[in-house]
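Visitor: Sharing a structure below in structure tokens format, with a few things to ask.
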Amino acid sequence: MSKWLQSGRRRDICILLLELERARGQELKTALEAHYDQRLEPKAFYGSLSALVDAGDVEQTPEGLHDVYSLTAVGAERTTAHATWVQSVLEDADAI
């Protein structure tokens, strides 16, 4: 497993970007806060987002006053592979 996948927050950011295709940082943070039903510390959230950019899984594009984020091809491939693995494990669990 890639190291970036060891962080649930990073996985969830990638899953959201797979769904949304492009989003501002605040938009992603708000969506995660709604999903987790708790406030995220901005420093921790943006640290996770920066780590994904640094790893080449997420692309950061300045647009006006805000940066917009999207998955790279590698990030999309890793996210999809992880989702396939999760689905496989859940299907195996249902078979028991």
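Chains: A, B, ... in order of the structure tokens. Residues: from 1 per chain. Ligands: from 1, in order shown.
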Just the residues within 9 Å of A:Arg10, please, counting only C-alpha atoms, with nothing from its chain fewer than 6 positions along; format it as a PDB file with C-alpha atoms, in the first residue's frame.
Guide:
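Saved to selection.pdb:
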ATOM      1  CA  TRP A   4      -0.329   8.184   1.396  1.00  0.00           C
ATOM      2  CA  PHE A  45      -6.304  19.528   6.832  1.00  0.00           C
ATOM      3  CA  SER A  48      -2.767  16.517   4.404  1.00  0.00           C
ATOM      4  CA  LEU A  49      -3.680  18.308   1.181  1.00  0.00           C
ATOM      5  CA  ALA A  51       1.281  16.089   1.324  1.00  0.00           C
ATOM      6  CA  LEU A  52      -0.931  14.803  -1.505  1.00  0.00           C
TER       7      LEU A  52
END
Visitor: Based on the backbone DSSP call, show me all residues of stretch 31-79 of chain A assigned strand (DSSP E), as a PyMOL selection string.
Guide: chain A and resi 58-63+66-71
Visitor: In Å to one decimal, how far is atom CA of A:Leu18 from atom CA of A:Ser70?
Guide: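 Atom CA of A:Leu18 lies at a distance of 8.0 Å from atom CA of A:Ser70.
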Visitor: A:Gly8, A:Gly25, A:Ile13, A:Ser50: which is nearest A:Glu63, counting only C-alpha atoms?
Guide: A:Gly25
Visitor: Using only C-alpha atoms, which protein or nucleic acid residues come within 10 Å of A:Asp67? Drop anything in the same chain fewer than 3 positions from it, and give the result as an MDAnalysis selection string.
Guide: chainID A and resid 23:26 59:64
Visitor: Of the candidates A:Ala44, A:Val89, A:Leu17, A:Gln38, which shows the shortest atom-to-atom distance to A:Asp57, using only C-alpha atoms?
Guide: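 Result for the nearest residue to A:Asp57: A:Leu17.
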Visitor: Among chain A, which ones does DSSP assign to helix (DSSP H, G or I) (computed from the backbone)? Answer as a tab-separated table (two decimals) with N, CA and C atoms, in the first residue's frame.
Guide:
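Result file selection38.tsv:
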chain	number	residue	atom	x	y	z
A	3	LYS	N	2.20	4.82	0.90
A	3	LYS	CA	2.22	5.48	2.21
A	3	LYS	C	1.08	6.48	2.35
A	4	TRP	N	0.73	7.17	1.29
A	4	TRP	CA	-0.33	8.18	1.40
A	4	TRP	C	-1.66	7.55	1.77
A	5	LEU	N	-1.84	6.28	1.43
A	5	LEU	CA	-3.10	5.61	1.75
A	5	LEU	C	-3.20	5.22	3.22
A	6	GLN	N	-2.11	5.36	3.96
A	6	GLN	CA	-2.14	5.02	5.38
A	6	GLN	C	-2.84	6.11	6.19
A	8	GLY	N	-6.22	8.14	6.70
A	8	GLY	CA	-7.64	8.16	6.33
A	8	GLY	C	-8.07	9.50	5.75
A	9	ARG	N	-7.55	10.58	6.31
A	9	ARG	CA	-7.93	11.90	5.81
A	9	ARG	C	-7.46	12.06	4.36
A	10	ARG	N	-6.26	11.61	4.05
A	10	ARG	CA	-5.76	11.72	2.67
A	10	ARG	C	-6.61	10.87	1.73
A	11	ARG	N	-6.95	9.66	2.16
A	11	ARG	CA	-7.82	8.81	1.34
A	11	ARG	C	-9.14	9.51	1.08
A	12	ASP	N	-9.73	10.09	2.13
A	12	ASP	CA	-11.03	10.73	1.99
A	12	ASP	C	-10.96	11.96	1.09
A	13	ILE	N	-9.88	12.71	1.15
A	13	ILE	CA	-9.70	13.85	0.25
A	13	ILE	C	-9.67	13.36	-1.20
A	14	CYS	N	-8.94	12.29	-1.44
A	14	CYS	CA	-8.86	11.75	-2.80
A	14	CYS	C	-10.20	11.23	-3.28
A	15	ILE	N	-10.95	10.59	-2.39
A	15	ILE	CA	-12.28	10.08	-2.76
A	15	ILE	C	-13.19	11.25	-3.13
A	16	LEU	N	-13.15	12.32	-2.34
A	16	LEU	CA	-13.96	13.49	-2.67
A	16	LEU	C	-13.55	14.09	-4.01
A	17	LEU	N	-12.24	14.16	-4.26
A	17	LEU	CA	-11.79	14.72	-5.54
A	17	LEU	C	-12.15	13.82	-6.71
A	18	LEU	N	-12.21	12.53	-6.47
A	18	LEU	CA	-12.65	11.61	-7.53
A	18	LEU	C	-14.10	11.91	-7.89
A	19	GLU	N	-14.90	12.22	-6.88
A	19	GLU	CA	-16.31	12.53	-7.11
A	19	GLU	C	-16.48	13.93	-7.72
A	20	LEU	N	-15.81	14.93	-7.13
A	20	LEU	CA	-16.02	16.32	-7.52
A	20	LEU	C	-15.22	16.74	-8.76
A	25	GLY	N	-9.91	24.26	-1.74
A	25	GLY	CA	-9.54	23.66	-0.46
A	25	GLY	C	-10.65	23.78	0.56
A	26	GLN	N	-11.25	24.95	0.68
A	26	GLN	CA	-12.31	25.14	1.66
A	26	GLN	C	-13.52	24.25	1.37
A	27	GLU	N	-13.79	24.06	0.11
A	27	GLU	CA	-14.90	23.19	-0.30
A	27	GLU	C	-14.64	21.75	0.16
A	28	LEU	N	-13.41	21.29	-0.03
A	28	LEU	CA	-13.03	19.94	0.43
A	28	LEU	C	-13.11	19.83	1.95
A	29	LYS	N	-12.59	20.84	2.62
A	29	LYS	CA	-12.59	20.84	4.09
A	29	LYS	C	-14.01	20.79	4.61
A	30	THR	N	-14.90	21.59	4.04
A	30	THR	CA	-16.30	21.62	4.47
A	30	THR	C	-16.98	20.27	4.23
A	31	ALA	N	-16.71	19.64	3.10
A	31	ALA	CA	-17.29	18.33	2.80
A	31	ALA	C	-16.81	17.28	3.79
A	32	LEU	N	-15.52	17.31	4.14
A	32	LEU	CA	-15.00	16.35	5.12
A	32	LEU	C	-15.57	16.60	6.50
A	33	GLU	N	-15.70	17.86	6.87
A	33	GLU	CA	-16.27	18.18	8.18
A	33	GLU	C	-17.72	17.68	8.27
A	34	ALA	N	-18.46	17.81	7.19
A	34	ALA	CA	-19.84	17.31	7.17
A	34	ALA	C	-19.85	15.78	7.29
A	35	HIS	N	-18.93	15.12	6.60
A	35	HIS	CA	-18.86	13.66	6.65
A	35	HIS	C	-18.44	13.17	8.04
A	36	TYR	N	-17.43	13.81	8.62
A	36	TYR	CA	-16.92	13.41	9.93
A	36	TYR	C	-17.79	13.93	11.08
A	42	PRO	N	-7.60	23.58	10.49
A	42	PRO	CA	-7.12	23.97	9.17
A	42	PRO	C	-5.68	23.53	8.91
A	43	LYS	N	-4.81	23.69	9.89
A	43	LYS	CA	-3.40	23.33	9.70
A	43	LYS	C	-3.25	21.83	9.37
A	44	ALA	N	-3.99	20.98	10.07
A	44	ALA	CA	-3.92	19.54	9.82
A	44	ALA	C	-4.52	19.20	8.45
A	45	PHE	N	-5.67	19.81	8.12
A	45	PHE	CA	-6.30	19.53	6.83
A	45	PHE	C	-5.41	19.95	5.67
A	46	TYR	N	-4.93	21.19	5.73
A	46	TYR	CA	-4.10	21.68	4.62
A	46	TYR	C	-2.74	20.98	4.59
A	47	GLY	N	-2.28	20.47	5.72
A	47	GLY	CA	-1.07	19.66	5.74
A	47	GLY	C	-1.28	18.36	4.96
A	48	SER	N	-2.44	17.74	5.15
A	48	SER	CA	-2.77	16.52	4.40
A	48	SER	C	-2.87	16.81	2.91
A	49	LEU	N	-3.52	17.92	2.58
A	49	LEU	CA	-3.68	18.31	1.18
A	49	LEU	C	-2.32	18.59	0.55
A	50	SER	N	-1.46	19.29	1.26
A	50	SER	CA	-0.10	19.58	0.76
A	50	SER	C	0.71	18.31	0.55
A	51	ALA	N	0.56	17.36	1.46
A	51	ALA	CA	1.28	16.09	1.32
A	51	ALA	C	0.84	15.36	0.06
A	52	LEU	N	-0.44	15.43	-0.27
A	52	LEU	CA	-0.93	14.80	-1.50
A	52	LEU	C	-0.38	15.51	-2.74
A	53	VAL	N	-0.29	16.84	-2.67
A	53	VAL	CA	0.29	17.61	-3.78
A	53	VAL	C	1.77	17.25	-3.93
A	54	ASP	N	2.49	17.22	-2.82
A	54	ASP	CA	3.93	16.90	-2.84
A	54	ASP	C	4.19	15.50	-3.37
A	73	ALA	N	-3.57	11.70	-12.65
A	73	ALA	CA	-3.86	10.35	-13.14
A	73	ALA	C	-3.39	9.31	-12.14
A	74	VAL	N	-2.22	9.52	-11.54
A	74	VAL	CA	-1.69	8.59	-10.54
A	74	VAL	C	-2.58	8.57	-9.31
A	75	GLY	N	-3.00	9.73	-8.85
A	75	GLY	CA	-3.88	9.81	-7.69
A	75	GLY	C	-5.21	9.11	-7.93
A	76	ALA	N	-5.77	9.30	-9.12
A	76	ALA	CA	-7.03	8.64	-9.46
A	76	ALA	C	-6.85	7.13	-9.51
A	77	GLU	N	-5.74	6.68	-10.08
A	77	GLU	CA	-5.48	5.25	-10.17
A	77	GLU	C	-5.33	4.63	-8.78
A	78	ARG	N	-4.59	5.29	-7.90
A	78	ARG	CA	-4.40	4.78	-6.54
A	78	ARG	C	-5.71	4.76	-5.76
A	79	THR	N	-6.51	5.80	-5.93
A	79	THR	CA	-7.78	5.87	-5.22
A	79	THR	C	-8.73	4.78	-5.69
A	80	THR	N	-8.80	4.58	-6.98
A	80	THR	CA	-9.65	3.54	-7.54
A	80	THR	C	-9.18	2.15	-7.13
A	81	ALA	N	-7.88	1.93	-7.13
A	81	ALA	CA	-7.34	0.63	-6.71
A	81	ALA	C	-7.68	0.37	-5.24
A	82	HIS	N	-7.58	1.39	-4.41
A	82	HIS	CA	-7.91	1.22	-3.00
A	82	HIS	C	-9.40	0.91	-2.83
A	83	ALA	N	-10.25	1.62	-3.56
A	83	ALA	CA	-11.69	1.39	-3.48
A	83	ALA	C	-12.05	-0.03	-3.93
A	84	THR	N	-11.37	-0.51	-4.95
A	84	THR	CA	-11.59	-1.87	-5.43
A	84	THR	C	-11.22	-2.88	-4.36
A	85	TRP	N	-10.10	-2.64	-3.68
A	85	TRP	CA	-9.67	-3.52	-2.60
A	85	TRP	C	-10.69	-3.53	-1.46
A	86	VAL	N	-11.17	-2.34	-1.06
A	86	VAL	CA	-12.16	-2.25	0.02
A	86	VAL	C	-13.42	-3.00	-0.37
A	87	GLN	N	-13.88	-2.80	-1.59
A	87	GLN	CA	-15.09	-3.48	-2.06
A	87	GLN	C	-14.91	-4.99	-2.04
A	88	SER	N	-13.75	-5.47	-2.45
A	88	SER	CA	-13.46	-6.90	-2.45
A	88	SER	C	-13.51	-7.48	-1.04
A	89	VAL	N	-12.91	-6.77	-0.10
A	89	VAL	CA	-12.91	-7.24	1.29
A	89	VAL	C	-14.33	-7.27	1.85
A	90	LEU	N	-15.12	-6.26	1.56
A	90	LEU	CA	-16.49	-6.22	2.04
A	90	LEU	C	-17.34	-7.33	1.42
A	91	GLU	N	-17.12	-7.61	0.16
A	91	GLU	CA	-17.86	-8.70	-0.50
A	91	GLU	C	-17.47	-10.04	0.13
A	92	ASP	N	-16.20	-10.22	0.42
A	92	ASP	CA	-15.74	-11.46	1.07
A	92	ASP	C	-16.34	-11.59	2.46
A	93	ALA	N	-16.46	-10.49	3.17
A	93	ALA	CA	-17.04	-10.50	4.51
A	93	ALA	C	-18.52	-10.86	4.46
A	94	ASP	N	-19.22	-10.38	3.43
A	94	ASP	CA	-20.64	-10.71	3.26
A	94	ASP	C	-20.85	-12.18	2.96
A	95	ALA	N	-19.86	-12.82	2.34
A	95	ALA	CA	-19.97	-14.24	1.96
A	95	ALA	C	-19.84	-15.16	3.17
